[in-house]
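Structure data follow from final_22.pdb (PDB, C-alpha atoms):
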ATOM      1  CA  MET A   1      -8.424  -5.382  26.898
ATOM      2  CA  ARG A   2      -8.050  -2.320  24.674
ATOM      3  CA  ARG A   3      -5.151  -4.008  22.891
ATOM      4  CA  ALA A   4      -7.234  -7.099  22.139
ATOM      5  CA  ARG A   5      -9.866  -4.915  20.505
ATOM      6  CA  GLY A   6      -7.161  -3.320  18.380
ATOM      7  CA  VAL A   7      -5.966  -6.713  17.223
ATOM      8  CA  LEU A   8      -9.545  -7.733  16.449
ATOM      9  CA  PHE A   9     -10.148  -4.483  14.597
ATOM     10  CA  TYR A  10      -6.892  -4.997  12.673
ATOM     11  CA  SER A  11      -8.020  -8.466  11.593
ATOM     12  CA  VAL A  12     -11.323  -7.005  10.434
ATOM     13  CA  LEU A  13      -9.422  -4.364   8.510
ATOM     14  CA  MET A  14      -7.376  -6.944   6.632
ATOM     15  CA  THR A  15     -10.139  -9.426   5.724
ATOM     16  CA  GLY A  16     -13.504  -9.545   4.035
ATOM     17  CA  ARG A  17     -14.949  -7.743   1.028
ATOM     18  CA  ALA A  18     -15.876  -4.084   0.934
ATOM     19  CA  SER A  19     -19.310  -2.751   0.147
ATOM     20  CA  LYS A  20     -20.737   0.723   0.379
ATOM     21  CA  GLY A  21     -22.957   1.545   3.291
ATOM     22  CA  SER A  22     -26.031   3.694   2.938
ATOM     23  CA  GLY A  23     -25.574   7.437   2.629
ATOM     24  CA  VAL A  24     -22.342   7.338   0.666
ATOM     25  CA  GLU A  25     -23.625   8.704  -2.611
ATOM     26  CA  GLY A  26     -22.017  11.441  -4.670
ATOM     27  CA  ALA A  27     -19.719  12.001  -7.584
ATOM     28  CA  MET A  28     -16.454  10.121  -7.448
ATOM     29  CA  THR A  29     -13.205  11.917  -8.258
ATOM     30  CA  MET A  30     -10.772  10.609 -10.864
ATOM     31  CA  ALA A  31      -8.581   9.258  -8.059
ATOM     32  CA  ASP A  32     -11.560   7.477  -6.516
ATOM     33  CA  ASN A  33     -12.397   5.887  -9.869
ATOM     34  CA  ALA A  34      -8.781   4.845 -10.369
ATOM     35  CA  ALA A  35      -8.817   3.451  -6.831
ATOM     36  CA  LYS A  36     -11.757   1.245  -7.813
ATOM     37  CA  GLY A  37     -10.177   0.229 -11.150
ATOM     38  CA  ASN A  38      -7.203  -1.850 -12.147
ATOM     39  CA  ARG A  39      -4.566   0.870 -12.033
ATOM     40  CA  PRO A  40      -2.761   1.231  -8.719
ATOM     41  CA  VAL A  41      -3.062   4.552  -6.904
ATOM     42  CA  VAL A  42      -0.150   6.248  -5.179
ATOM     43  CA  SER A  43       0.491   9.637  -3.575
ATOM     44  CA  SER A  44       3.208  11.909  -4.886
ATOM     45  CA  GLU A  45       5.296  10.926  -1.844
ATOM     46  CA  GLY A  46       4.728   7.250  -2.609
ATOM     47  CA  TYR A  47       5.698   7.808  -6.246
ATOM     48  CA  ALA A  48       8.931   9.486  -5.144
ATOM     49  CA  LYS A  49       9.696   6.521  -2.844
ATOM     50  CA  LEU A  50       9.128   4.084  -5.718
ATOM     51  CA  GLU A  51      11.467   6.106  -7.946
ATOM     52  CA  GLU A  52      14.054   6.196  -5.155
ATOM     53  CA  GLU A  53      13.807   2.430  -4.720
ATOM     54  CA  LEU A  54      14.152   1.890  -8.483
ATOM     55  CA  ASN A  55      17.254   4.083  -8.597
ATOM     56  CA  TYR A  56      18.744   2.206  -5.638
ATOM     57  CA  TYR A  57      18.233  -1.162  -7.348
ATOM     58  CA  LYS A  58      19.586   0.090 -10.677
ATOM     59  CA  LEU A  59      22.583   2.014  -9.361
ATOM     60  CA  VAL A  60      23.575   0.176  -6.178
ATOM     61  CA  LYS A  61      22.201  -3.377  -6.161
ATOM     62  CA  ARG A  62      23.157  -4.089  -9.785
ATOM     63  CA  LYS A  63      26.754  -3.059  -9.058
ATOM     64  CA  GLU A  64      26.856  -5.160  -5.895
ATOM     65  CA  ILE A  65      25.603  -8.225  -7.774
ATOM     66  CA  ALA A  66      28.017  -7.631 -10.647
ATOM     67  CA  GLU A  67      30.862  -7.531  -8.127
ATOM     68  CA  GLN A  68      29.640 -10.749  -6.480
ATOM     69  CA  ILE A  69      29.524 -12.467  -9.878
ATOM     70  CA  LYS A  70      33.034 -11.204 -10.691
ATOM     71  CA  VAL A  71      34.408 -12.549  -7.399
ATOM     72  CA  ALA A  72      32.590 -15.881  -7.839
ATOM     73  CA  ARG A  73      34.018 -16.286 -11.355
ATOM     74  CA  SER A  74      37.502 -15.860  -9.970
ATOM     75  CA  TYR A  75      37.025 -19.061  -7.942
ATOM     76  CA  GLY A  76      37.341 -21.149 -11.096
ATOM     77  CA  ASP A  77      35.074 -23.858 -12.497
ATOM     78  CA  LEU A  78      31.564 -22.357 -12.784
ATOM     79  CA  SER A  79      29.823 -25.735 -13.035
ATOM     80  CA  GLU A  80      30.536 -26.482  -9.344
ATOM     81  CA  ASN A  81      30.600 -22.919  -8.036
ATOM     82  CA  ALA A  82      27.853 -22.344  -5.434
ATOM     83  CA  GLU A  83      28.832 -18.674  -4.969
ATOM     84  CA  TYR A  84      28.390 -18.060  -8.705
ATOM     85  CA  ASP A  85      25.001 -19.805  -8.753
ATOM     86  CA  GLU A  86      23.852 -17.795  -5.731
ATOM     87  CA  ALA A  87      25.015 -14.514  -7.280
ATOM     88  CA  LYS A  88      23.227 -15.298 -10.570
ATOM     89  CA  ASN A  89      20.032 -16.165  -8.672
ATOM     90  CA  GLU A  90      20.280 -12.896  -6.763
ATOM     91  CA  GLN A  91      20.852 -11.060 -10.047
ATOM     92  CA  ALA A  92      17.644 -12.555 -11.457
ATOM     93  CA  LYS A  93      15.704 -11.445  -8.356
ATOM     94  CA  VAL A  94      17.081  -7.905  -8.617
ATOM     95  CA  GLU A  95      16.278  -7.655 -12.333
ATOM     96  CA  ASP A  96      12.765  -8.980 -11.699
ATOM     97  CA  HIS A  97      12.224  -6.385  -8.971
ATOM     98  CA  ILE A  98      13.516  -3.616 -11.255
ATOM     99  CA  THR A  99      11.047  -4.711 -13.954
ATOM    100  CA  GLN A 100       8.187  -4.738 -11.444
ATOM    101  CA  LEU A 101       9.062  -1.241 -10.215
ATOM    102  CA  GLU A 102       9.352   0.107 -13.777
ATOM    103  CA  ASN A 103       5.971  -1.383 -14.698
ATOM    104  CA  MET A 104       4.384   0.011 -11.564
ATOM    105  CA  LEU A 105       5.773   3.499 -12.192
ATOM    106  CA  ARG A 106       4.402   3.354 -15.750
ATOM    107  CA  THR A 107       0.889   2.387 -14.701
ATOM    108  CA  VAL A 108       0.197   4.107 -11.361
ATOM    109  CA  VAL A 109      -2.182   7.014 -10.989
ATOM    110  CA  VAL A 110      -0.535   9.731  -8.909
ATOM    111  CA  VAL A 111      -3.114  11.355  -6.645
ATOM    112  CA  ASP A 112      -2.804  15.055  -5.898
ATOM    113  CA  HIS A 113      -4.454  15.566  -2.526
ATOM    114  CA  ALA A 114      -5.087  19.247  -3.313
ATOM    115  CA  ASP A 115      -7.516  18.245  -6.087
ATOM    116  CA  GLN A 116      -9.707  16.221  -3.722
ATOM    117  CA  PRO A 117     -12.678  17.691  -1.864
ATOM    118  CA  ASN A 118     -12.143  18.265   1.859
ATOM    119  CA  ASP A 119     -15.555  16.920   2.853
ATOM    120  CA  LYS A 120     -15.258  13.503   1.228
ATOM    121  CA  VAL A 121     -12.925  10.570   1.940
ATOM    122  CA  GLY A 122     -10.442   9.850  -0.830
ATOM    123  CA  VAL A 123      -6.898   8.629  -1.209
ATOM    124  CA  GLY A 124      -4.816  10.890   1.016
ATOM    125  CA  SER A 125      -7.598  11.534   3.560
ATOM    126  CA  ARG A 126      -7.039  11.006   7.253
ATOM    127  CA  VAL A 127     -10.269   9.557   8.667
ATOM    128  CA  LYS A 128     -11.358   9.021  12.246
ATOM    129  CA  VAL A 129     -13.979   6.269  12.587
ATOM    130  CA  ARG A 130     -15.948   4.485  15.303
ATOM    131  CA  ASP A 131     -16.892   0.809  15.073
ATOM    132  CA  LYS A 132     -20.654   0.663  15.682
ATOM    133  CA  ALA A 133     -20.468  -2.823  17.241
ATOM    134  CA  ASN A 134     -17.867  -2.196  19.949
ATOM    135  CA  GLY A 135     -17.326   1.582  20.077
ATOM    136  CA  PHE A 136     -13.645   1.242  19.161
ATOM    137  CA  GLU A 137     -12.301   4.470  17.616
ATOM    138  CA  ALA A 138      -9.378   4.582  15.228
ATOM    139  CA  GLU A 139      -7.757   7.019  12.825
ATOM    140  CA  TYR A 140      -6.474   5.920   9.441
ATOM    141  CA  LYS A 141      -4.918   7.522   6.426
ATOM    142  CA  ILE A 142      -6.190   6.139   3.116
ATOM    143  CA  VAL A 143      -3.246   5.426   0.799
ATOM    144  CA  GLY A 144      -2.491   3.390  -2.310
ATOM    145  CA  ALA A 145      -1.822  -0.315  -1.877
ATOM    146  CA  THR A 146       1.940   0.103  -2.329
ATOM    147  CA  GLU A 147       2.091   2.531   0.611
ATOM    148  CA  ALA A 148      -0.157   0.636   3.045
ATOM    149  CA  ASP A 149       1.068  -0.161   6.550
ATOM    150  CA  PRO A 150      -1.931  -0.997   8.755
ATOM    151  CA  PHE A 151       0.181  -1.133  11.923
ATOM    152  CA  ASP A 152       1.120   2.500  11.253
ATOM    153  CA  GLY A 153      -2.452   3.572  10.472
ATOM    154  CA  LEU A 154      -1.961   3.624   6.685
ATOM    155  CA  ILE A 155      -4.683   1.552   5.041
ATOM    156  CA  SER A 156      -4.991   0.712   1.388
ATOM    157  CA  ASN A 157      -7.796   2.105  -0.702
ATOM    158  CA  GLU A 158      -8.221  -1.536  -1.827
ATOM    159  CA  SER A 159      -8.636  -2.956   1.695
ATOM    160  CA  PRO A 160     -12.157  -3.660   2.937
ATOM    161  CA  VAL A 161     -12.166  -0.643   5.252
ATOM    162  CA  GLY A 162     -10.443   1.653   2.742
ATOM    163  CA  ALA A 163     -12.713   0.681  -0.148
ATOM    164  CA  ALA A 164     -15.805   1.152   2.019
ATOM    165  CA  LEU A 165     -14.633   4.586   3.210
ATOM    166  CA  ILE A 166     -13.809   5.970  -0.261
ATOM    167  CA  GLY A 167     -16.476   8.568  -1.046
ATOM    168  CA  ALA A 168     -17.906   8.722   2.501
ATOM    169  CA  ARG A 169     -18.669  12.063   4.127
ATOM    170  CA  LEU A 170     -18.759  13.233   7.749
ATOM    171  CA  ASP A 171     -21.278  11.248   9.849
ATOM    172  CA  ASP A 172     -21.789   8.649   7.078
ATOM    173  CA  GLU A 173     -21.854   5.012   8.055
ATOM    174  CA  VAL A 174     -20.116   2.476   5.834
ATOM    175  CA  THR A 175     -20.659  -1.250   5.966
ATOM    176  CA  PHE A 176     -18.364  -3.983   4.708
ATOM    177  CA  ALA A 177     -18.289  -7.758   4.853
ATOM    178  CA  VAL A 178     -15.987  -9.701   7.148
ATOM    179  CA  PRO A 179     -15.763 -13.477   7.607
ATOM    180  CA  ASP A 180     -18.165 -13.455  10.566
ATOM    181  CA  GLY A 181     -20.742 -11.045   9.084
ATOM    182  CA  MET A 182     -20.917  -7.331   8.453
ATOM    183  CA  ARG A 183     -19.156  -4.431  10.168
ATOM    184  CA  THR A 184     -20.276  -0.812  10.237
ATOM    185  CA  LEU A 185     -18.065   2.206  10.859
ATOM    186  CA  LYS A 186     -19.212   5.783  11.427
ATOM    187  CA  VAL A 187     -17.069   8.590   9.994
ATOM    188  CA  LEU A 188     -16.242  11.006  12.832
ATOM    189  CA  SER A 189     -13.813  13.330  11.028
ATOM    190  CA  ILE A 190     -12.067  13.803   7.687
ATOM    191  CA  THR A 191      -8.854  15.793   7.261
ATOM    192  CA  LYS A 192      -6.233  16.169   4.568
ATOM    193  CA  ASP A 193      -2.493  16.121   5.261
TER     194      ASP A 193
END
Please render this file's structure as structure tokens.
Amino acid sequence: MRRARGVLFYSVLMTGRASKGSGVEGAMTMADNAAKGNRPVVSSEGYAKLEEELNYYKLVKRKEIAEQIKVARSYGDLSENAEYDEAKNEQAKVEDHITQLENMLRTVVVVDHADQPNDKVGVGSRVKVRDKANGFEAEYKIVGATEADPFDGLISNESPVGAALIGARLDDEVTFAVPDGMRTLKVLSITKD
């Protein structure tokens, strides 16, 4: 039965629109404002992973695709060469992904967890919460959207739960919309990694 609640809670986490609950006032940090704006937010670890992925695509995948194209060309007539067409399609996908990563790295806001207050939820906070409706307790780390992995407890600052928790303090209750109504979570603890 506990597992079913987790699945239900996960579906609540991934759907609906966020709204602030009562008692979540206070000044927002730059990272919190960026989290609410159009620029994606990422931790320094997440930024390093994006850079690593970009380097992999530029240095490894490009060479692999170039080799595939070279081999496919050696088969002769390009007009009827399925291997060549496949390699060129793969090359386009790789180049598109490289462009997306470069654009993301240019526009992200890197959040320094040390600059964030310890008593308020922000990107990089680990938060323990209790669902007021069913008593289910869970612990999440608030991360940027590119780092989110709800099954591993990493929720996006843009998700309904993450957006509602941003700015909350210990013992605050946050409320957010879900398809079947409203959900309320109580903040039990806030820690920084």
Report as a list in words all protein, DNA and RNA residues lying within 12 Å of Glu86 (chain A), evaluated on all atoms listed in the file, omitting residues in the same chain fewer than 2 positions from it.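 Residues near the query, excluding close chain neighbours: Ile65, Gln68, Ile69, Val71, Ala72, Arg73, Leu78, Glu80, Asn81, Ala82, Glu83, Tyr84, Lys88, Asn89, Glu90, Gln91, Ala92 and Lys93 of chain A.
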Quick one: axis-aligned box around all listed atoms of region 82-91 of chain A, 6 Å on every side, centre and edge lengths in Å to one decimal, written as AutoDock Vina command-line options.
--center_x 24.4 --center_y -16.7 --center_z -7.8 --size_x 20.8 --size_y 23.3 --size_z 17.6
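Distance check against Ile142 (chain A) using all atoms listed in the file: of A:Arg62, A:Lys120, A:Arg130, A:Arg106, the minimum falls on A:Lys120.
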Of the candidates A:Gly162, A:Asp193, A:Leu54, A:Val178, which shows the shortest atom-to-atom distance to Asn103 (chain A), using all atoms listed in the file?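 Among the listed residues, the smallest separation from Asn103 (chain A) belongs to A:Leu54.
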Measuring atom to atom with only C-alpha atoms, identify which of A:Ser159, A:Asp85, A:Val42, A:Ile98 is nearest to Asn55 (chain A).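 That would be A:Ile98, the residue with the smallest distance to Asn55 (chain A).
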What separation in Å, quoted to one decimal, exists between CA of Thr99 (chain A) and CA of Glu67 (chain A)?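 Value for the CA of Thr99 (chain A)-CA of Glu67 (chain A) distance: 20.8 Å.
Closest approach to Val129 (chain A) among A:Gln100, A:Thr146, A:Thr184, A:Thr107: A:Thr184, based on all atoms listed in the file.
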Could you check which of A:Met182, A:Ala138, A:Ile190, A:Leu105 is closest to Gly122 (chain A), using only C-alpha atoms?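 Of the candidates, the smallest distance to Gly122 (chain A) is held by A:Ile190.
Once the PyMOL selection byres ((chain A and resi 124-127) around 6) is applied to the shown structure, the selection contains His113, Val121, Gly122, Val123, Lys128, Glu139, Tyr140, Lys141, Ile142, Val143, Ser189, Ile190, Thr191 and Lys192 of chain A.
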Take the structure in the block and write a file for region 98-144 of chain A, N, CA and C atoms, as a short mmCIF file (atom, residue, chain, number, x, y, z; two decimals), in the first residue's frame.
data_model
loop_
_atom_site.label_atom_id
_atom_site.label_comp_id
_atom_site.auth_asym_id
_atom_site.auth_seq_id
_atom_site.Cartn_x
_atom_site.Cartn_y
_atom_site.Cartn_z
N ILE A 98 24.14 19.47 -30.14
CA ILE A 98 25.27 20.35 -29.79
C ILE A 98 24.79 21.80 -29.71
N THR A 99 24.00 22.23 -30.67
CA THR A 99 23.47 23.60 -30.67
C THR A 99 22.60 23.84 -29.45
N GLN A 100 21.75 22.88 -29.11
CA GLN A 100 20.90 23.02 -27.92
C GLN A 100 21.73 23.14 -26.65
N LEU A 101 22.77 22.30 -26.52
CA LEU A 101 23.62 22.36 -25.34
C LEU A 101 24.37 23.69 -25.26
N GLU A 102 24.89 24.17 -26.39
CA GLU A 102 25.60 25.45 -26.41
C GLU A 102 24.67 26.59 -26.01
N ASN A 103 23.45 26.58 -26.54
CA ASN A 103 22.48 27.62 -26.17
C ASN A 103 22.13 27.55 -24.70
N MET A 104 21.96 26.35 -24.19
CA MET A 104 21.62 26.19 -22.78
C MET A 104 22.75 26.70 -21.89
N LEU A 105 23.99 26.35 -22.23
CA LEU A 105 25.13 26.79 -21.43
C LEU A 105 25.29 28.31 -21.47
N ARG A 106 24.87 28.93 -22.56
CA ARG A 106 24.94 30.39 -22.67
C ARG A 106 23.89 31.09 -21.81
N THR A 107 22.75 30.45 -21.62
CA THR A 107 21.63 31.14 -20.98
C THR A 107 21.33 30.72 -19.55
N VAL A 108 21.89 29.62 -19.07
CA VAL A 108 21.55 29.15 -17.72
C VAL A 108 22.07 30.10 -16.64
N VAL A 109 21.39 30.07 -15.53
CA VAL A 109 21.85 30.75 -14.32
C VAL A 109 22.42 29.67 -13.42
N VAL A 110 23.72 29.78 -13.10
CA VAL A 110 24.35 28.81 -12.23
C VAL A 110 24.12 29.25 -10.79
N VAL A 111 23.52 28.36 -10.01
CA VAL A 111 23.18 28.67 -8.62
C VAL A 111 24.30 28.19 -7.71
N ASP A 112 24.78 29.10 -6.88
CA ASP A 112 25.77 28.75 -5.86
C ASP A 112 25.01 28.52 -4.56
N HIS A 113 24.97 27.30 -4.10
CA HIS A 113 24.19 26.95 -2.92
C HIS A 113 24.68 27.70 -1.68
N ALA A 114 25.95 28.08 -1.64
CA ALA A 114 26.49 28.78 -0.48
C ALA A 114 25.87 30.16 -0.32
N ASP A 115 25.40 30.76 -1.41
CA ASP A 115 24.81 32.09 -1.36
C ASP A 115 23.36 32.08 -0.89
N GLN A 116 22.77 30.91 -0.74
CA GLN A 116 21.35 30.82 -0.39
C GLN A 116 21.19 30.68 1.12
N PRO A 117 20.13 31.30 1.65
CA PRO A 117 19.90 31.18 3.10
C PRO A 117 19.57 29.74 3.48
N ASN A 118 19.99 29.35 4.69
CA ASN A 118 19.77 27.97 5.14
C ASN A 118 18.35 27.73 5.63
N ASP A 119 17.61 28.80 5.92
CA ASP A 119 16.28 28.62 6.49
C ASP A 119 15.16 28.76 5.47
N LYS A 120 15.51 28.83 4.20
CA LYS A 120 14.50 29.02 3.16
C LYS A 120 14.79 28.07 1.99
N VAL A 121 13.74 27.48 1.43
CA VAL A 121 13.90 26.54 0.32
C VAL A 121 14.30 27.31 -0.94
N GLY A 122 15.31 26.80 -1.60
CA GLY A 122 15.75 27.36 -2.88
C GLY A 122 16.31 26.22 -3.72
N VAL A 123 16.78 26.55 -4.90
CA VAL A 123 17.42 25.54 -5.73
C VAL A 123 18.66 25.05 -4.99
N GLY A 124 18.78 23.75 -4.85
CA GLY A 124 19.87 23.15 -4.10
C GLY A 124 19.47 22.69 -2.71
N SER A 125 18.29 23.07 -2.25
CA SER A 125 17.81 22.66 -0.92
C SER A 125 17.32 21.22 -0.96
N ARG A 126 17.55 20.52 0.13
CA ARG A 126 16.95 19.21 0.35
C ARG A 126 15.82 19.44 1.35
N VAL A 127 14.61 19.06 0.97
CA VAL A 127 13.41 19.39 1.74
C VAL A 127 12.65 18.12 2.09
N LYS A 128 12.31 17.99 3.37
CA LYS A 128 11.44 16.89 3.79
C LYS A 128 10.06 17.49 3.98
N VAL A 129 9.04 16.83 3.38
CA VAL A 129 7.67 17.34 3.42
C VAL A 129 6.70 16.24 3.82
N ARG A 130 5.53 16.66 4.31
CA ARG A 130 4.45 15.72 4.62
C ARG A 130 3.20 16.20 3.88
N ASP A 131 2.57 15.27 3.16
CA ASP A 131 1.32 15.56 2.47
C ASP A 131 0.22 15.63 3.53
N LYS A 132 -0.47 16.77 3.59
CA LYS A 132 -1.49 16.98 4.62
C LYS A 132 -2.69 16.05 4.43
N ALA A 133 -2.98 15.63 3.21
CA ALA A 133 -4.15 14.80 2.94
C ALA A 133 -3.96 13.36 3.39
N ASN A 134 -2.76 12.79 3.16
CA ASN A 134 -2.59 11.36 3.43
C ASN A 134 -1.44 11.05 4.40
N GLY A 135 -0.71 12.07 4.86
CA GLY A 135 0.37 11.85 5.81
C GLY A 135 1.64 11.31 5.20
N PHE A 136 1.67 11.14 3.88
CA PHE A 136 2.86 10.61 3.21
C PHE A 136 4.02 11.58 3.37
N GLU A 137 5.18 11.09 3.80
CA GLU A 137 6.38 11.92 3.93
C GLU A 137 7.36 11.57 2.83
N ALA A 138 8.02 12.59 2.33
CA ALA A 138 9.02 12.39 1.27
C ALA A 138 10.10 13.44 1.41
N GLU A 139 11.26 13.13 0.87
CA GLU A 139 12.38 14.08 0.87
C GLU A 139 12.79 14.31 -0.57
N TYR A 140 12.94 15.57 -0.93
CA TYR A 140 13.30 15.94 -2.29
C TYR A 140 14.44 16.94 -2.27
N LYS A 141 15.20 16.92 -3.33
CA LYS A 141 16.19 17.98 -3.56
C LYS A 141 15.66 18.82 -4.71
N ILE A 142 15.62 20.13 -4.52
CA ILE A 142 15.15 21.04 -5.56
C ILE A 142 16.33 21.34 -6.49
N VAL A 143 16.16 21.05 -7.77
CA VAL A 143 17.22 21.25 -8.76
C VAL A 143 16.64 21.97 -9.98
N GLY A 144 17.51 22.38 -10.89
CA GLY A 144 17.06 22.94 -12.15
C GLY A 144 16.41 21.88 -13.01
#
